>>> print(open('start33.tsv').read())   # TSV, C-alpha atoms
chain	number	residue	atom	x	y	z
O	1	MET	CA	-8.83	-23.37	-7.95
O	2	PRO	CA	-12.61	-22.82	-7.62
O	3	GLU	CA	-14.78	-23.69	-10.62
O	4	GLU	CA	-15.69	-20.05	-11.20
O	5	LYS	CA	-12.35	-18.48	-12.00
O	6	LYS	CA	-11.64	-15.37	-9.93
O	7	GLN	CA	-8.83	-13.38	-11.48
O	8	ILE	CA	-6.64	-10.49	-10.40
O	9	ILE	CA	-4.16	-8.60	-12.54
O	10	MET	CA	-1.64	-6.77	-10.37
O	11	THR	CA	1.17	-4.34	-11.15
O	12	GLY	CA	3.80	-3.76	-8.48
O	13	VAL	CA	3.51	-7.39	-7.39
O	14	THR	CA	7.10	-7.48	-6.07
O	15	SER	CA	6.64	-4.36	-3.91
O	16	PHE	CA	6.14	-4.47	-0.14
O	17	VAL	CA	2.41	-3.79	-0.55
O	18	GLY	CA	1.92	-5.79	-3.75
O	19	ALA	CA	3.57	-9.00	-2.53
O	20	ALA	CA	1.47	-9.01	0.65
O	21	ALA	CA	-1.74	-8.29	-1.26
O	22	ALA	CA	-0.93	-11.04	-3.76
O	23	ARG	CA	-0.44	-13.58	-0.97
O	24	GLU	CA	-3.75	-12.57	0.63
O	25	LEU	CA	-5.67	-12.81	-2.64
O	26	LEU	CA	-4.05	-16.11	-3.59
O	27	GLY	CA	-5.08	-17.44	-0.20
O	28	ARG	CA	-8.66	-16.44	-1.02
O	29	GLY	CA	-8.61	-18.54	-4.18
O	30	TYR	CA	-7.87	-15.90	-6.82
O	31	GLN	CA	-5.67	-16.57	-9.80
O	32	VAL	CA	-3.17	-13.69	-9.81
O	33	PHE	CA	-1.37	-12.40	-12.88
O	34	GLY	CA	1.55	-10.50	-11.37
O	35	ILE	CA	3.11	-7.87	-13.62
O	36	LEU	CA	6.71	-7.03	-12.78
O	37	ARG	CA	9.45	-4.97	-14.38
O	38	PRO	CA	11.69	-6.83	-16.83
O	39	GLY	CA	14.74	-8.14	-14.98
O	40	SER	CA	13.33	-7.22	-11.56
O	41	LYS	CA	15.79	-8.13	-8.79
O	42	ASN	CA	12.82	-8.90	-6.55
O	43	ARG	CA	11.50	-11.67	-8.77
O	44	GLY	CA	13.55	-14.41	-7.10
O	45	PRO	CA	12.46	-13.61	-3.52
O	46	LEU	CA	8.81	-13.37	-4.63
O	47	GLU	CA	8.99	-16.71	-6.42
O	48	ARG	CA	10.50	-18.38	-3.37
O	49	SER	CA	7.92	-16.94	-0.98
O	50	LEU	CA	4.96	-17.86	-3.21
O	51	LYS	CA	6.35	-21.09	-4.69
O	52	GLU	CA	3.29	-23.20	-3.80
O	53	PHE	CA	1.04	-20.91	-5.85
O	54	LEU	CA	3.47	-20.78	-8.78
O	55	ASP	CA	3.77	-24.56	-8.87
O	56	ARG	CA	0.03	-25.05	-9.31
O	57	GLY	CA	-0.42	-22.23	-11.80
O	58	GLN	CA	-2.44	-20.01	-9.49
O	59	LEU	CA	0.22	-17.28	-9.67
O	60	ILE	CA	1.49	-16.34	-13.11
O	61	LEU	CA	4.31	-13.79	-13.39
O	62	LEU	CA	4.66	-11.70	-16.54
O	63	GLU	CA	7.23	-9.01	-17.35
O	64	ASN	CA	6.11	-5.63	-18.62
O	65	ASP	CA	7.35	-2.14	-17.88
O	66	LEU	CA	4.97	0.30	-16.18
O	67	SER	CA	5.56	2.73	-19.03
O	68	ALA	CA	4.03	0.33	-21.58
O	69	PRO	CA	0.58	-0.68	-20.28
O	70	GLY	CA	-0.70	-0.86	-23.85
O	71	ARG	CA	1.18	-4.16	-24.20
O	72	LEU	CA	-0.83	-5.85	-21.44
O	73	PRO	CA	-3.89	-6.88	-23.52
O	74	LEU	CA	-1.63	-8.77	-25.95
O	75	LEU	CA	0.50	-10.20	-23.13
O	76	LEU	CA	-2.60	-11.58	-21.39
O	77	SER	CA	-4.55	-12.51	-24.52
O	78	GLY	CA	-6.45	-15.76	-24.08
O	79	LYS	CA	-5.71	-15.97	-20.37
O	80	LEU	CA	-8.52	-13.86	-18.91
O	81	SER	CA	-12.20	-14.34	-18.16
O	82	PRO	CA	-14.54	-11.31	-18.30
O	83	GLY	CA	-15.01	-9.31	-15.11
O	84	GLY	CA	-11.55	-9.60	-13.60
O	85	ILE	CA	-10.10	-7.08	-11.14
O	86	PHE	CA	-7.09	-4.90	-11.88
O	87	CYS	CA	-4.98	-3.85	-8.86
O	88	HIS	CA	-2.58	-1.08	-9.84
O	89	PHE	CA	0.12	-1.00	-7.15
O	90	GLY	CA	2.98	-0.11	-9.49
O	91	TRP	CA	4.35	3.44	-9.26
O	92	GLY	CA	7.81	4.77	-9.97
O	93	GLY	CA	9.57	7.03	-7.49
O	94	SER	CA	7.68	6.73	-4.20
O	95	GLY	CA	10.80	7.17	-2.08
O	96	SER	CA	11.56	10.48	-0.41
O	97	GLY	CA	14.20	11.51	-2.97
O	98	ALA	CA	11.82	11.24	-5.95
O	99	ARG	CA	8.68	12.70	-4.42
O	100	ASN	CA	9.30	16.14	-5.86
O	101	ASP	CA	10.44	14.98	-9.27
O	102	GLU	CA	7.58	16.56	-11.21
O	103	SER	CA	8.46	14.99	-14.55
O	104	LEU	CA	8.61	11.49	-13.06
O	105	GLN	CA	5.35	11.90	-11.17
O	106	ARG	CA	3.53	13.29	-14.23
O	107	SER	CA	4.74	10.23	-16.15
O	108	ASN	CA	3.40	7.98	-13.38
O	109	LEU	CA	0.00	9.63	-13.72
O	110	ARG	CA	-0.06	9.25	-17.50
O	111	PHE	CA	0.97	5.59	-17.33
O	112	SER	CA	-1.66	4.90	-14.66
O	113	LEU	CA	-4.44	6.37	-16.79
O	114	GLU	CA	-3.21	4.31	-19.74
O	115	THR	CA	-3.23	1.24	-17.46
O	116	LEU	CA	-6.88	1.92	-16.63
O	117	GLU	CA	-7.66	1.98	-20.36
O	118	ALA	CA	-5.79	-1.32	-20.79
O	119	ALA	CA	-7.77	-2.84	-17.92
O	120	LYS	CA	-11.01	-1.97	-19.69
O	121	GLU	CA	-9.71	-3.41	-22.97
O	122	MET	CA	-8.95	-6.69	-21.14
O	123	GLY	CA	-12.53	-6.91	-19.86
O	124	CYS	CA	-11.85	-6.03	-16.22
O	125	GLY	CA	-14.86	-4.89	-14.24
O	126	ARG	CA	-13.02	-3.14	-11.43
O	127	PHE	CA	-9.86	-1.05	-11.07
O	128	LEU	CA	-8.27	-0.68	-7.63
O	129	PHE	CA	-5.63	2.04	-7.32
O	130	SER	CA	-3.13	2.48	-4.49
O	131	GLY	CA	-3.36	6.11	-3.46
O	132	SER	CA	-1.52	7.77	-0.59
O	133	GLN	CA	-2.03	9.82	2.56
O	134	ALA	CA	0.28	12.34	0.84
O	135	GLU	CA	-2.79	13.46	-1.11
O	136	TYR	CA	-4.18	15.12	2.02
O	137	GLY	CA	-1.20	17.33	2.84
O	138	LEU	CA	-0.91	18.78	6.34
O	139	HIS	CA	-3.79	18.27	8.80
O	140	THR	CA	-4.05	18.61	12.55
O	141	ASP	CA	-7.50	17.08	12.94
O	142	LEU	CA	-9.12	13.75	12.07
O	143	ILE	CA	-8.60	12.86	8.41
O	144	THR	CA	-11.69	11.42	6.74
O	145	GLU	CA	-12.17	10.69	3.07
O	146	GLU	CA	-13.95	14.05	2.81
O	147	SER	CA	-11.05	16.04	4.29
O	148	THR	CA	-9.51	18.75	2.12
O	149	CYS	CA	-6.67	17.59	-0.09
O	150	ALA	CA	-3.70	19.95	-0.41
O	151	PRO	CA	-0.66	17.79	-1.25
O	152	ARG	CA	2.79	19.24	-0.63
O	153	SER	CA	4.78	17.12	-3.07
O	154	ALA	CA	4.64	16.24	-6.75
O	155	TYR	CA	4.04	12.64	-5.63
O	156	GLY	CA	0.95	13.60	-3.64
O	157	GLU	CA	-0.29	15.82	-6.46
O	158	ALA	CA	0.02	13.01	-9.01
O	159	LYS	CA	-1.76	10.50	-6.78
O	160	LEU	CA	-4.57	13.01	-6.21
O	161	ALA	CA	-4.80	13.72	-9.94
O	162	MET	CA	-5.21	9.99	-10.52
O	163	ARG	CA	-8.08	9.93	-8.05
O	164	GLU	CA	-9.81	12.76	-9.94
O	165	GLU	CA	-8.95	11.86	-13.53
O	166	GLY	CA	-9.07	8.12	-12.95
O	167	GLU	CA	-12.57	8.21	-11.56
O	168	ALA	CA	-13.78	10.33	-14.48
O	169	LEU	CA	-12.08	8.08	-17.03
O	170	ALA	CA	-13.46	4.93	-15.38
O	171	ARG	CA	-16.97	6.38	-15.52
O	172	ARG	CA	-16.61	7.01	-19.25
O	173	LEU	CA	-15.23	3.51	-19.78
O	174	GLY	CA	-17.91	1.84	-17.68
O	175	ILE	CA	-15.54	0.26	-15.15
O	176	SER	CA	-15.73	0.53	-11.33
O	177	TYR	CA	-12.93	2.59	-9.80
O	178	LEU	CA	-11.76	2.36	-6.16
O	179	HIS	CA	-9.00	4.48	-4.63
O	180	GLY	CA	-7.34	3.24	-1.44
O	181	ARG	CA	-5.31	5.92	0.33
O	182	ILE	CA	-2.53	4.08	2.16
O	183	PHE	CA	-1.18	5.58	5.37
O	184	SER	CA	1.91	4.34	7.25
O	185	VAL	CA	2.44	0.60	6.80
O	186	TYR	CA	5.06	-1.55	8.54
O	187	GLY	CA	6.04	-5.19	8.85
O	188	PRO	CA	8.54	-7.82	7.68
O	189	GLY	CA	9.93	-7.07	4.24
O	190	ASP	CA	9.60	-3.29	4.42
O	191	HIS	CA	12.32	-1.00	3.09
O	192	PRO	CA	15.31	-0.98	5.48
O	193	TRP	CA	15.35	2.84	5.70
O	194	THR	CA	11.86	3.27	7.17
O	195	LEU	CA	11.47	4.59	10.69
O	196	VAL	CA	10.17	1.32	12.16
O	197	GLU	CA	12.91	-0.78	10.53
O	198	THR	CA	15.76	1.54	11.48
O	199	CYS	CA	14.45	2.08	15.00
O	200	LEU	CA	13.95	-1.64	15.58
O	201	ASP	CA	17.44	-2.47	14.32
O	202	ALA	CA	19.04	0.17	16.54
O	203	CYS	CA	17.11	-0.88	19.63
O	204	LEU	CA	17.85	-4.59	19.12
O	205	LYS	CA	21.57	-3.78	18.85
O	206	GLY	CA	21.55	-1.33	21.77
O	207	GLN	CA	22.60	1.52	19.51
O	208	GLU	CA	21.77	5.21	19.37
O	209	PHE	CA	18.75	6.15	17.27
O	210	ARG	CA	18.53	9.78	16.16
O	211	MET	CA	15.17	11.29	15.15
O	212	GLY	CA	13.25	14.50	14.75
O	213	ALA	CA	10.95	15.73	17.51
O	214	CYS	CA	8.44	12.89	16.93
O	215	THR	CA	5.68	15.01	18.45
O	216	GLN	CA	3.26	14.60	15.53
O	217	LEU	CA	0.29	12.26	15.71
O	218	TRP	CA	0.89	9.01	13.87
O	219	ASN	CA	-0.87	5.85	12.85
O	220	PHE	CA	0.55	2.48	11.77
O	221	LEU	CA	-1.05	-0.40	9.88
O	222	TYR	CA	0.54	-3.86	9.84
O	223	ILE	CA	1.25	-5.17	6.34
O	224	ASP	CA	-1.03	-8.21	6.61
O	225	ASP	CA	-3.90	-5.94	7.63
O	226	LEU	CA	-3.23	-3.71	4.63
O	227	ALA	CA	-3.34	-6.80	2.42
O	228	SER	CA	-6.71	-7.83	3.85
O	229	ALA	CA	-7.98	-4.24	3.36
O	230	ALA	CA	-6.98	-4.40	-0.31
O	231	ALA	CA	-8.76	-7.74	-0.61
O	232	ALA	CA	-11.84	-6.24	1.05
O	233	LEU	CA	-11.93	-3.53	-1.63
O	234	ALA	CA	-11.41	-6.11	-4.37
O	235	GLU	CA	-14.39	-8.05	-3.02
O	236	LEU	CA	-16.63	-5.09	-2.17
O	237	LYS	CA	-20.14	-5.71	-3.46
O	238	GLU	CA	-21.25	-3.67	-6.44
O	239	SER	CA	-24.33	-2.71	-4.43
O	240	GLU	CA	-22.04	-1.07	-1.86
O	241	ILE	CA	-19.99	0.68	-4.56
O	242	GLY	CA	-23.21	2.06	-6.01
O	243	LYS	CA	-23.96	3.80	-2.71
O	244	LEU	CA	-20.61	5.62	-2.61
O	245	GLU	CA	-20.41	9.37	-3.04
O	246	SER	CA	-16.66	8.99	-3.53
O	247	PRO	CA	-14.46	6.00	-4.47
O	248	VAL	CA	-11.85	6.90	-1.80
O	249	PHE	CA	-11.09	4.73	1.23
O	250	ASN	CA	-8.53	5.38	3.95
O	251	LEU	CA	-6.35	2.31	4.60
O	252	ALA	CA	-4.89	2.75	8.07
O	253	GLY	CA	-4.79	1.37	11.60
O	254	GLU	CA	-7.14	1.95	14.52
O	255	GLU	CA	-4.62	3.44	16.97
O	256	THR	CA	-3.44	7.04	16.62
O	257	LYS	CA	-1.01	8.61	19.12
O	258	PRO	CA	2.19	10.71	19.17
O	259	LEU	CA	4.94	9.15	17.07
O	260	ARG	CA	7.25	9.23	20.10
O	261	ASP	CA	4.95	6.77	21.86
O	262	PHE	CA	5.39	4.25	19.05
O	263	VAL	CA	9.17	4.71	19.06
O	264	GLU	CA	9.38	4.18	22.80
O	265	GLU	CA	7.13	1.13	22.52
O	266	ILE	CA	9.60	-0.42	20.06
O	267	ASN	CA	12.45	0.20	22.49
O	268	ARG	CA	10.47	-1.24	25.40
O	269	ILE	CA	9.75	-4.44	23.46
O	270	CYS	CA	13.49	-4.66	22.73
O	271	GLY	CA	14.26	-4.51	26.45
O	272	GLY	CA	15.04	-0.78	26.56
O	273	ARG	CA	18.48	-1.29	25.04
O	274	GLY	CA	18.31	1.52	22.50
O	275	ARG	CA	19.44	5.12	23.12
O	276	LEU	CA	16.71	7.37	21.73
O	277	VAL	CA	17.82	10.88	20.72
O	278	TYR	CA	15.09	13.34	19.71
O	279	HIS	CA	15.42	16.70	17.86
O	280	ALA	CA	18.50	15.35	16.08
O	281	ARG	CA	17.21	15.25	12.48
O	282	PRO	CA	15.23	17.60	10.20
O	283	GLU	CA	11.63	16.76	9.34
O	284	ASN	CA	10.80	15.20	5.97
O	285	ALA	CA	10.45	17.09	2.70
O	286	GLU	CA	6.67	17.48	3.01
O	287	GLY	CA	6.81	19.14	6.43
O	288	LEU	CA	5.61	17.97	9.84
O	289	VAL	CA	2.78	15.60	8.89
O	290	ASN	CA	0.14	14.50	11.38
O	291	LEU	CA	-1.53	11.19	10.57
O	292	ALA	CA	-4.87	10.84	12.35
O	293	PRO	CA	-6.99	8.89	9.86
O	294	SER	CA	-10.54	7.64	10.16
O	295	ILE	CA	-11.17	4.13	8.79
O	296	GLU	CA	-14.90	4.02	9.55
O	297	LYS	CA	-15.86	4.13	5.87
O	298	LEU	CA	-14.11	0.88	4.96
O	299	LYS	CA	-15.22	-0.82	8.19
O	300	THR	CA	-18.83	0.09	7.48
O	301	ALA	CA	-18.78	-0.82	3.78
O	302	SER	CA	-16.93	-4.13	4.06
O	303	GLY	CA	-16.75	-5.24	7.69
O	304	TRP	CA	-12.94	-5.12	7.52
O	305	ARG	CA	-10.92	-4.08	10.54
O	306	PRO	CA	-7.23	-4.42	11.51
O	307	GLN	CA	-6.34	-7.60	13.40
O	308	THR	CA	-2.74	-6.91	14.47
O	309	ASP	CA	-1.91	-4.39	17.19
O	310	PHE	CA	1.42	-2.55	17.14
O	311	GLN	CA	3.09	-4.66	19.84
O	312	GLU	CA	2.25	-7.89	18.02
O	313	GLY	CA	3.43	-6.45	14.71
O	314	ILE	CA	6.82	-5.52	16.20
O	315	ARG	CA	7.17	-8.97	17.76
O	316	ARG	CA	6.51	-10.57	14.37
O	317	MET	CA	9.20	-8.38	12.84
O	318	MET	CA	11.64	-9.47	15.53
O	319	ILE	CA	10.88	-13.13	14.84
O	320	ASP	CA	11.41	-12.55	11.11
O	321	LYS	CA	14.79	-10.90	11.77
O	322	ARG	CA	15.94	-13.85	13.87
O	323	LYS	CA	15.22	-16.20	10.96
O	324	LYS	CA	17.56	-14.30	8.63
>>> encode(input="start33.tsv", output="structure tokens")
Amino acid sequence: MPEEKKQIIMTGVTSFVGAAAARELLGRGYQVFGILRPGSKNRGPLERSLKEFLDRGQLILLENDLSAPGRLPLLLSGKLSPGGIFCHFGWGGSGSGARNDESLQRSNLRFSLETLEAAKEMGCGRFLFSGSQAEYGLHTDLITEESTCAPRSAYGEAKLAMREEGEALARRLGISYLHGRIFSVYGPGDHPWTLVETCLDACLKGQEFRMGACTQLWNFLYIDDLASAAAALAELKESEIGKLESPVFNLAGEETKPLRDFVEEINRICGGRGRLVYHARPENAEGLVNLAPSIEKLKTASGWRPQTDFQEGIRRMMIDKRKK
């Protein structure tokens, strides 16, 4: 560990995004306090994958439910130095089935605002929140951080409300607030029901893969690149934050094209063994979403840019599957 202790507190540390971000930040020398749900089934896999950091005390895992952020100051009492960074990646009900559960999403918002208050009480100087492209709603043109937000799900509405209420609360508390809107992320360890995972499995096995029209524009970001984007926001200079008109940053890839092109690229990498069937499934609950994000704001502010193109990302996923 460096002499000057750099500390991160992170909820959602066992999630796809959280685990990758934790590994990236640990690799940069941060001490990470990972907050996970009591009895989390994902604790074991996380401990095995980050064993080297656990063994030397750089990663410390603590159990606390997302609904009780007020317990965090006591849980972390005596462990923190002033000026730490709080990364709030925990959120209940992000899957398709829960996105329109208004009661659940309102609870998520309330707990997130309470988490921001707890972060201030613990002496954190910065609060990084994982927002979502769902905040934007339906767009056909380039999506910048200034694009109109018209979410079409309770999930998107709650994430957008956190952007608005969280920024205002942070200003009153005197803590920096950053809001990273995550677009479509893929890579080893993702949920097995995602389009990339299910398509890759079908194509590797030479099976039929049934989809919607796949005519919408899409954009993918490899998980390691998302992790480095989160780290870039964690390390963004206060002088740069002071210049911002808005705390929002799009976290996405550089390549945007029709979703069908990505699907067919997966099948090509798999040797063309899959049988791709279009117009065979309804579109998702939020409607036909086009993802054409701009990432110029984060690139300009931090110098970050994605390092992994889609072909390389799929090849890494194939290698990971062969190891299992």
>>> closest_atom_pairs(input="start33.tsv", of="region 60-116 of chain O", to="region 30-54 of chain O", cutoff="6 Å", atoms="only C-alpha atoms", output="JSON lines")
{"residue": "O:Ile60", "atom": "CA", "partner": "O:Phe33", "partner_atom": "CA", "distance": 4.9}
{"residue": "O:Leu61", "atom": "CA", "partner": "O:Gly34", "partner_atom": "CA", "distance": 4.7}
{"residue": "O:Leu62", "atom": "CA", "partner": "O:Ile35", "partner_atom": "CA", "distance": 5.1}
{"residue": "O:Glu63", "atom": "CA", "partner": "O:Pro38", "partner_atom": "CA", "distance": 5.0}
{"residue": "O:Asn64", "atom": "CA", "partner": "O:Arg37", "partner_atom": "CA", "distance": 5.4}
{"residue": "O:Asp65", "atom": "CA", "partner": "O:Arg37", "partner_atom": "CA", "distance": 5.0}
>>> closest_atom_pairs(input="start33.tsv", of="region 98-217 of chain O", to="region 253-270 of chain O", cutoff="10 Å", atoms="only C-alpha atoms", output="JSON lines")
{"residue": "O:Leu142", "atom": "CA", "partner": "O:Thr256", "partner_atom": "CA", "distance": 9.9}
{"residue": "O:Phe183", "atom": "CA", "partner": "O:Gly253", "partner_atom": "CA", "distance": 8.3}
{"residue": "O:Ser184", "atom": "CA", "partner": "O:Gly253", "partner_atom": "CA", "distance": 8.5}
{"residue": "O:Val185", "atom": "CA", "partner": "O:Gly253", "partner_atom": "CA", "distance": 8.7}
{"residue": "O:Leu195", "atom": "CA", "partner": "O:Val263", "partner_atom": "CA", "distance": 8.7}
{"residue": "O:Val196", "atom": "CA", "partner": "O:Val263", "partner_atom": "CA", "distance": 7.8}
{"residue": "O:Cys199", "atom": "CA", "partner": "O:Val263", "partner_atom": "CA", "distance": 7.2}
{"residue": "O:Leu200", "atom": "CA", "partner": "O:Ile266", "partner_atom": "CA", "distance": 6.4}
{"residue": "O:Asp201", "atom": "CA", "partner": "O:Cys270", "partner_atom": "CA", "distance": 9.5}
{"residue": "O:Ala202", "atom": "CA", "partner": "O:Asn267", "partner_atom": "CA", "distance": 8.9}
{"residue": "O:Cys203", "atom": "CA", "partner": "O:Asn267", "partner_atom": "CA", "distance": 5.6}
{"residue": "O:Leu204", "atom": "CA", "partner": "O:Cys270", "partner_atom": "CA", "distance": 5.7}
{"residue": "O:Lys205", "atom": "CA", "partner": "O:Cys270", "partner_atom": "CA", "distance": 9.0}
{"residue": "O:Gly206", "atom": "CA", "partner": "O:Cys270", "partner_atom": "CA", "distance": 8.8}
{"residue": "O:Phe209", "atom": "CA", "partner": "O:Val263", "partner_atom": "CA", "distance": 9.9}
{"residue": "O:Met211", "atom": "CA", "partner": "O:Arg260", "partner_atom": "CA", "distance": 9.6}
{"residue": "O:Gly212", "atom": "CA", "partner": "O:Arg260", "partner_atom": "CA", "distance": 9.6}
{"residue": "O:Ala213", "atom": "CA", "partner": "O:Arg260", "partner_atom": "CA", "distance": 7.9}
{"residue": "O:Cys214", "atom": "CA", "partner": "O:Arg260", "partner_atom": "CA", "distance": 5.0}
{"residue": "O:Thr215", "atom": "CA", "partner": "O:Pro258", "partner_atom": "CA", "distance": 5.6}
{"residue": "O:Gln216", "atom": "CA", "partner": "O:Pro258", "partner_atom": "CA", "distance": 5.4}
{"residue": "O:Leu217", "atom": "CA", "partner": "O:Pro258", "partner_atom": "CA", "distance": 4.2}
>>> write_last_selection(input="start33.tsv", atoms="C-alpha atoms", output="tab-separated table (two decimals), keeping the file's coordinate frame")
chain	number	residue	atom	x	y	z
O	142	LEU	CA	-9.12	13.75	12.07
O	183	PHE	CA	-1.18	5.58	5.37
O	184	SER	CA	1.91	4.34	7.25
O	185	VAL	CA	2.44	0.60	6.80
O	195	LEU	CA	11.47	4.59	10.69
O	196	VAL	CA	10.17	1.32	12.16
O	199	CYS	CA	14.45	2.08	15.00
O	200	LEU	CA	13.95	-1.64	15.58
O	201	ASP	CA	17.44	-2.47	14.32
O	202	ALA	CA	19.04	0.17	16.54
O	203	CYS	CA	17.11	-0.88	19.63
O	204	LEU	CA	17.85	-4.59	19.12
O	205	LYS	CA	21.57	-3.78	18.85
O	206	GLY	CA	21.55	-1.33	21.77
O	209	PHE	CA	18.75	6.15	17.27
O	211	MET	CA	15.17	11.29	15.15
O	212	GLY	CA	13.25	14.50	14.75
O	213	ALA	CA	10.95	15.73	17.51
O	214	CYS	CA	8.44	12.89	16.93
O	215	THR	CA	5.68	15.01	18.45
O	216	GLN	CA	3.26	14.60	15.53
O	217	LEU	CA	0.29	12.26	15.71
>>> atom_distance(input="start33.tsv", atom1="CA of Gln7 (chain O)", atom2="CA of Asn108 (chain O)")
24.7 Å
>>> residues_around(input="start33.tsv", residues="Pro82 (chain O)", least_positions_apart="3", cutoff="12 Å", atoms="only C-alpha atoms", output="ChimeraX atom specification")
/O:4-8,77-79,85-86,119-126
>>> closest_residue(input="start33.tsv", among="O:Glu157, O:Lys323, O:Leu169, O:Ser302", to="Leu233 (chain O)", atoms="all atoms listed in the file")
O:Ser302
>>> atom_distance(input="start33.tsv", atom1="CA of Ser132 (chain O)", atom2="CA of Gly313 (chain O)")
21.5 Å
>>> closest_residue(input="start33.tsv", among="O:Leu109, O:His179, O:Pro151, O:Leu116", to="Ala234 (chain O)", atoms="only C-alpha atoms")
O:His179
>>> closest_atom_pairs(input="start33.tsv", of="region 169-280 of chain O", to="region 110-115 of chain O", cutoff="12 Å", atoms="all atoms listed in the file", output="tab-separated table")
residue	atom	partner	partner_atom	distance
O:Leu169	CA	O:Leu113	CA	7.8
O:Ala170	CA	O:Leu113	CA	9.2
O:Leu173	CA	O:Leu113	CA	11.6
O:Tyr177	CA	O:Leu113	CA	11.6
>>> atom_distance(input="start33.tsv", atom1="CA of Thr11 (chain O)", atom2="CA of Ala301 (chain O)")
25.2 Å
>>> closest_residue(input="start33.tsv", among="O:Gly83, O:Arg210, O:Ala227, O:Ala154", to="His279 (chain O)", atoms="all atoms listed in the file")
O:Arg210
>>> axis_aligned_box(input="start33.tsv", around="region 247-264 of chain O", padding_each_side="4 Å", output="AutoDock Vina command-line options")
--center_x -2.5 --center_y 6.0 --center_z 9.2 --size_x 31.8 --size_y 17.3 --size_z 35.3
>>> closest_residue(input="start33.tsv", among="O:Leu76, O:Glu208, O:Asp225, O:Tyr136", to="Asp309 (chain O)", atoms="only C-alpha atoms")
O:Asp225
>>> closest_residue(input="start33.tsv", among="O:Trp91, O:Tyr186, O:Tyr278, O:Phe129", to="Gly166 (chain O)", atoms="all atoms listed in the file")
O:Phe129
